[in-house]
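Here's the structure we're looking at; comments come further down.
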Amino acid sequence: MAAPKSVFLLGAGYIGQHIIDLLLAAKHPVTALIRKAEQAAAFEKAGIKTVLGTLDDTELITEQAAQHDVAINTASCDHLPSVKAVLAGIRQRVLARQPSIYIHTSGTLLLTDEAKGAYKSDKVYRDDVPADIDALPPTAPHRHVDLAIVLAARDFGDKAQIAIIIPPAVHGFNPAHNRLSVALPQLVRFALKHGFSGYVGEGRNVWNATHVADLGRAYTTLLSYIETTASSALLENPYFFTGGQEFSWREAAEHVSRVLYKLGRIPSPEPKAFVESDFGDVYGPRTPIVLGGNARNRAIRLSQLGWEHKEKDIWSSLEEDEIPFILATQK
């Protein structure tokens with residue numbers, strides 16, 4: 001049996017730490033890019049090699065990508081220089097005739113439309129229909145980075161295996177990591193500050209959700225698949241969704257309101273539409289795009305590999321885990 005492949009991971013945070021746990025359990029040697037020296041000791045104690053740097057340290061990233069069999073990037077969907085640095089490291093491996101795997105993290109915000117909360121779209125993207133994803137405009141969120149990866153993959157041909165995993169809204173909390181996602185916790189923090197939970201327009205637009213622990217398993221499922229499949233399969237289609245439970249953003253606001261009202265933290269259980277002056281405490285001027293669009297998708301390909309959603313649903317996670325943690329750590 002071949003030795004487990006060495007992995008260089010960018011983004012040892014909310015998603016990345018779940019992936020690291022699974023990689024270590026499978027005996028993969030893991031090196032993580034860490035921003036702060038005081039964080040490195042805890043990672044090293046857990047058996048993870050660390051290199052100190054940020055996404056702007058492109059020479060370091062290229063060097064590490066060239067030295068490892070696998071690169072996994074969960075750091076940023078939009079930081080093109082660091083992605084180009086990873087691809088430069090892979091190019092070095094290609095030239096040296098060393099096999100290389102790269103799993104990049106995008107996000108389903110790239111699917112979003114202009115609904116502004118007015119309707120639930122009938123359009124549901126499937127990752128076994130790559131033509132629909134390839135047809136997205138280069139101006140779509142995250143797409144400029146994804147396109148750079150797709151073009152590089154075509155250039156490398158069968159000398160490297162490159163995949164793009166596209167998570168939806170991620171939820172869930174692991175007390176071992178003490179980290180939360182952004183989407184729903186942002187609604188909770190807004191509600192605690194302003195006394196109500198909000199949505200864009202009529203809040204009818206629909207997204208999917210994935211628990212962070214299920215998402216972590218998606219990466220290792222995908223890695224196992226890549227290790228045993230021909231490069232041509234990824235050249236034809238590099239995309240993998242992880243979408244599970246569907247929800248409207250009005251539903252999200254209703255659940256946040258109900259829980260916080262029950263806890264006596266806001267005066268009413270009824271949410272209401274954001275007005276423009278609220279956007280600064282949500283996602284700024286991008287709020288109508290981030291919270292107002294539809295981004296429906298189906299994780300066909302990973303499901304065919306045996307991956308499935310096993311963790312608690314988004315509402316149980318919100319009430320039992322995320323809101324209690326936010327309240328306990330609120331300044």
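The way I read the labels, and the way they are meant: chains A, B, ... in the order of the structure tokens, residue 1 as the first residue of every chain, and ligand 1 as the first ligand shown, with later ones counted on from there.
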Checklist entry - Which neighbours of Glu246 in chain A fall inside 7 Å, counting only C-alpha atoms, when residues of the same chain fewer than 4 positions from it are skipped, and could you give them as a VMD selection string? => result chain A and resid 206 to 209
Counting only C-alpha atoms, which residues of range 265-300 of chain A fall within 12 Å of range 101-114 of chain A, and what is the closest atom pair for each with its distance in Å at one decimal, ordered by chain and rising number, as a tab-separated table?
```
residue	atom	partner	partner_atom	distance
A:Arg286	CA	A:Leu109	CA	11.2
A:Thr287	CA	A:Glu114	CA	11.8
A:Pro288	CA	A:Glu114	CA	8.4
A:Ile289	CA	A:Glu114	CA	7.1
A:Val290	CA	A:Leu109	CA	6.8
A:Leu291	CA	A:Thr112	CA	9.3
A:Gly292	CA	A:Glu114	CA	7.4
A:Gly293	CA	A:Asp113	CA	4.9
A:Asn294	CA	A:Thr112	CA	5.1
A:Ala295	CA	A:Thr112	CA	4.8
A:Arg296	CA	A:Leu111	CA	7.7
A:Asn297	CA	A:Thr108	CA	8.0
A:Arg298	CA	A:Thr108	CA	10.9
A:Ala299	CA	A:Thr108	CA	11.6
```
If we count only C-alpha atoms, what is near range 147-158 of chain A at a cut-off of 9 Å, once residues fewer than 6 positions away on the same chain are taken out, given as an mmCIF file with C-alpha atoms, in the first residue's frame?
```cif
data_model
loop_
_atom_site.group_PDB
_atom_site.id
_atom_site.type_symbol
_atom_site.label_atom_id
_atom_site.label_comp_id
_atom_site.auth_asym_id
_atom_site.auth_seq_id
_atom_site.Cartn_x
_atom_site.Cartn_y
_atom_site.Cartn_z
ATOM 1 C CA LEU A 80 -6.019 35.329 -6.882
ATOM 2 C CA VAL A 83 -4.023 30.699 -6.017
ATOM 3 C CA LYS A 84 -1.565 31.600 -8.756
ATOM 4 C CA LEU A 87 -0.516 26.768 -9.402
ATOM 5 C CA ILE A 90 2.115 22.616 -9.174
ATOM 6 C CA ARG A 91 3.786 23.677 -12.415
ATOM 7 C CA VAL A 94 4.605 18.945 -13.461
ATOM 8 C CA HIS A 104 -9.604 24.558 -4.334
ATOM 9 C CA ASP A 134 -18.833 27.013 -17.304
ATOM 10 C CA PRO A 138 -16.469 35.895 -15.509
ATOM 11 C CA ILE A 164 -12.951 22.849 -7.328
ATOM 12 C CA ALA A 230 -7.881 9.227 -14.183
ATOM 13 C CA SER A 231 -6.952 12.885 -14.609
ATOM 14 C CA SER A 232 -9.237 13.109 -17.630
ATOM 15 C CA LEU A 234 -11.372 16.176 -13.687
ATOM 16 C CA LEU A 235 -10.330 17.860 -16.918
ATOM 17 C CA PRO A 238 -13.577 19.837 -12.051
#
```
List the neighbours of range 21-31 of chain A out to 9 Å using only C-alpha atoms; skip same-chain residues closer than 5 positions along the sequence, and give me the result as a short mmCIF file (atom, residue, chain, number, x, y, z; two decimals) with C-alpha atoms, in the first residue's frame.
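The resulting file, result.cif, is shown below:
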```cif
data_model
loop_
_atom_site.label_atom_id
_atom_site.label_comp_id
_atom_site.auth_asym_id
_atom_site.auth_seq_id
_atom_site.Cartn_x
_atom_site.Cartn_y
_atom_site.Cartn_z
CA ALA A 3 2.18 5.84 1.86
CA PRO A 4 -0.41 8.58 2.53
CA LYS A 5 0.25 11.67 0.44
CA SER A 6 1.71 14.80 1.99
CA VAL A 7 -0.72 17.73 2.15
CA PHE A 8 -0.15 21.49 2.19
CA LEU A 9 -3.23 23.29 3.51
CA LEU A 10 -4.00 26.98 3.17
CA GLY A 16 -9.65 23.76 7.34
CA ALA A 46 -1.34 18.17 17.29
CA GLY A 47 1.18 16.75 14.84
CA ILE A 48 0.85 19.39 12.13
CA LYS A 49 3.90 21.00 10.59
CA THR A 50 3.47 24.75 10.19
CA VAL A 51 4.91 27.50 8.05
CA GLN A 64 5.28 24.57 -0.21
CA HIS A 68 3.78 18.47 -1.27
CA GLY A 216 -14.79 18.23 5.94
CA ARG A 217 -15.67 14.68 4.92
CA THR A 220 -11.41 13.66 2.11
#
```
Next on the checklist: Which of range 76-257 of chain A end up as strand (DSSP E) when DSSP is run on this backbone - answer as an MDAnalysis selection string?
Outcome noted: chainID A and resid 101:105 125:126 161:166 169:171 198:199 206:211 239:241 246:248
Checklist entry - Which is closer to Gly280 in chain A than all the others in A:Phe190, A:Ile34, A:Asn73, A:Ser181, using only C-alpha atoms? => result A:Phe190
Next on the checklist: Considering only helix (DSSP H, G or I) as DSSP defines it on the backbone, what residues of range 191-266 of chain A qualify? List them as number ranges by chain.
Outcome noted: A: 191-194, 212-227, 231-236, 249-262
Next on the checklist: Residues near range 258-275 of chain A, anyone? I mean within 7 Å using only C-alpha atoms, not counting same-chain ones fewer than 6 positions away, as a VMD selection string.
Outcome noted: chain A and resid 192 195 to 202 319
Checklist entry - Smallest atom-to-atom distance to Val282 in chain A: which of A:His144, A:Lys312, A:Lys193, A:Arg179, using only C-alpha atoms? => result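 For Val282 in chain A, the nearest of the given residues is A:Lys193.
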Next on the checklist: So that I can see what lies close to Leu302 in chain A, please list as a PyMOL selection string the residues with an atom at most 9 Å from it, counting only C-alpha atoms and leaving out residues fewer than 4 positions away in the same chain.
Outcome noted: chain A and resi 218+221-222+240-242+306-308
Checklist entry - What does the distance from CA of Ala115 in chain A to CA of Asn205 in chain A come to in Å, to one decimal? => result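 CA of Asn205 in chain A lies at a distance of 6.8 Å from CA of Ala115 in chain A.
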Item to check | Nearest residue to Ile314 in chain A from the set A:His194, A:His142, A:Arg126, A:His171 (distances using only C-alpha atoms) | outcome: A:His171
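Distances here use only C-alpha atoms; by that measure, the residue among A:Leu60, A:Ala140, A:Ile166, A:Leu52 closest to Tyr125 in chain A is A:Ile166.
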Checklist entry - What is the CA of Ala75 in chain A-CA of Gln39 in chain A distance in Å, reported with one decimal? => result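 Here the two named atoms are 15.9 Å from each other.
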Item to check | Surrounding residues of Glu322 in chain A excluding itself and chain neighbours under 5 positions, 9 Å, only C-alpha atoms, as a PyMOL selection string | outcome: chain A and resi 171-173+180-181+184-185+317+327
Output file for the selection above: N, CA and C atoms, as a compact mmCIF listing (two decimals), in the first residue's frame:
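File result-v5.txt, as written:
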```
# COMPACT_ATOMS: atom_id res chain seq x y z
N HIS A 171 -22.66 25.69 8.10
CA HIS A 171 -23.08 25.90 9.49
C HIS A 171 -22.43 24.83 10.36
N GLY A 172 -22.64 24.96 11.66
CA GLY A 172 -22.09 23.97 12.59
C GLY A 172 -21.00 24.53 13.46
N PHE A 173 -20.80 23.89 14.59
CA PHE A 173 -19.82 24.36 15.58
C PHE A 173 -19.15 23.15 16.22
N LEU A 180 -16.87 29.67 14.20
CA LEU A 180 -18.18 29.69 13.56
C LEU A 180 -18.04 30.07 12.10
N SER A 181 -19.10 29.79 11.35
CA SER A 181 -19.17 30.27 9.97
C SER A 181 -19.55 31.75 10.00
N LEU A 184 -25.15 32.68 8.88
CA LEU A 184 -26.19 32.81 9.89
C LEU A 184 -25.71 33.53 11.15
N PRO A 185 -24.49 33.28 11.63
CA PRO A 185 -24.02 34.07 12.77
C PRO A 185 -24.05 35.58 12.53
N SER A 317 -28.63 23.13 14.45
CA SER A 317 -27.29 23.65 14.67
C SER A 317 -27.33 25.09 15.16
N LEU A 327 -23.77 33.98 22.13
CA LEU A 327 -24.18 34.65 23.37
C LEU A 327 -23.13 34.51 24.46
```
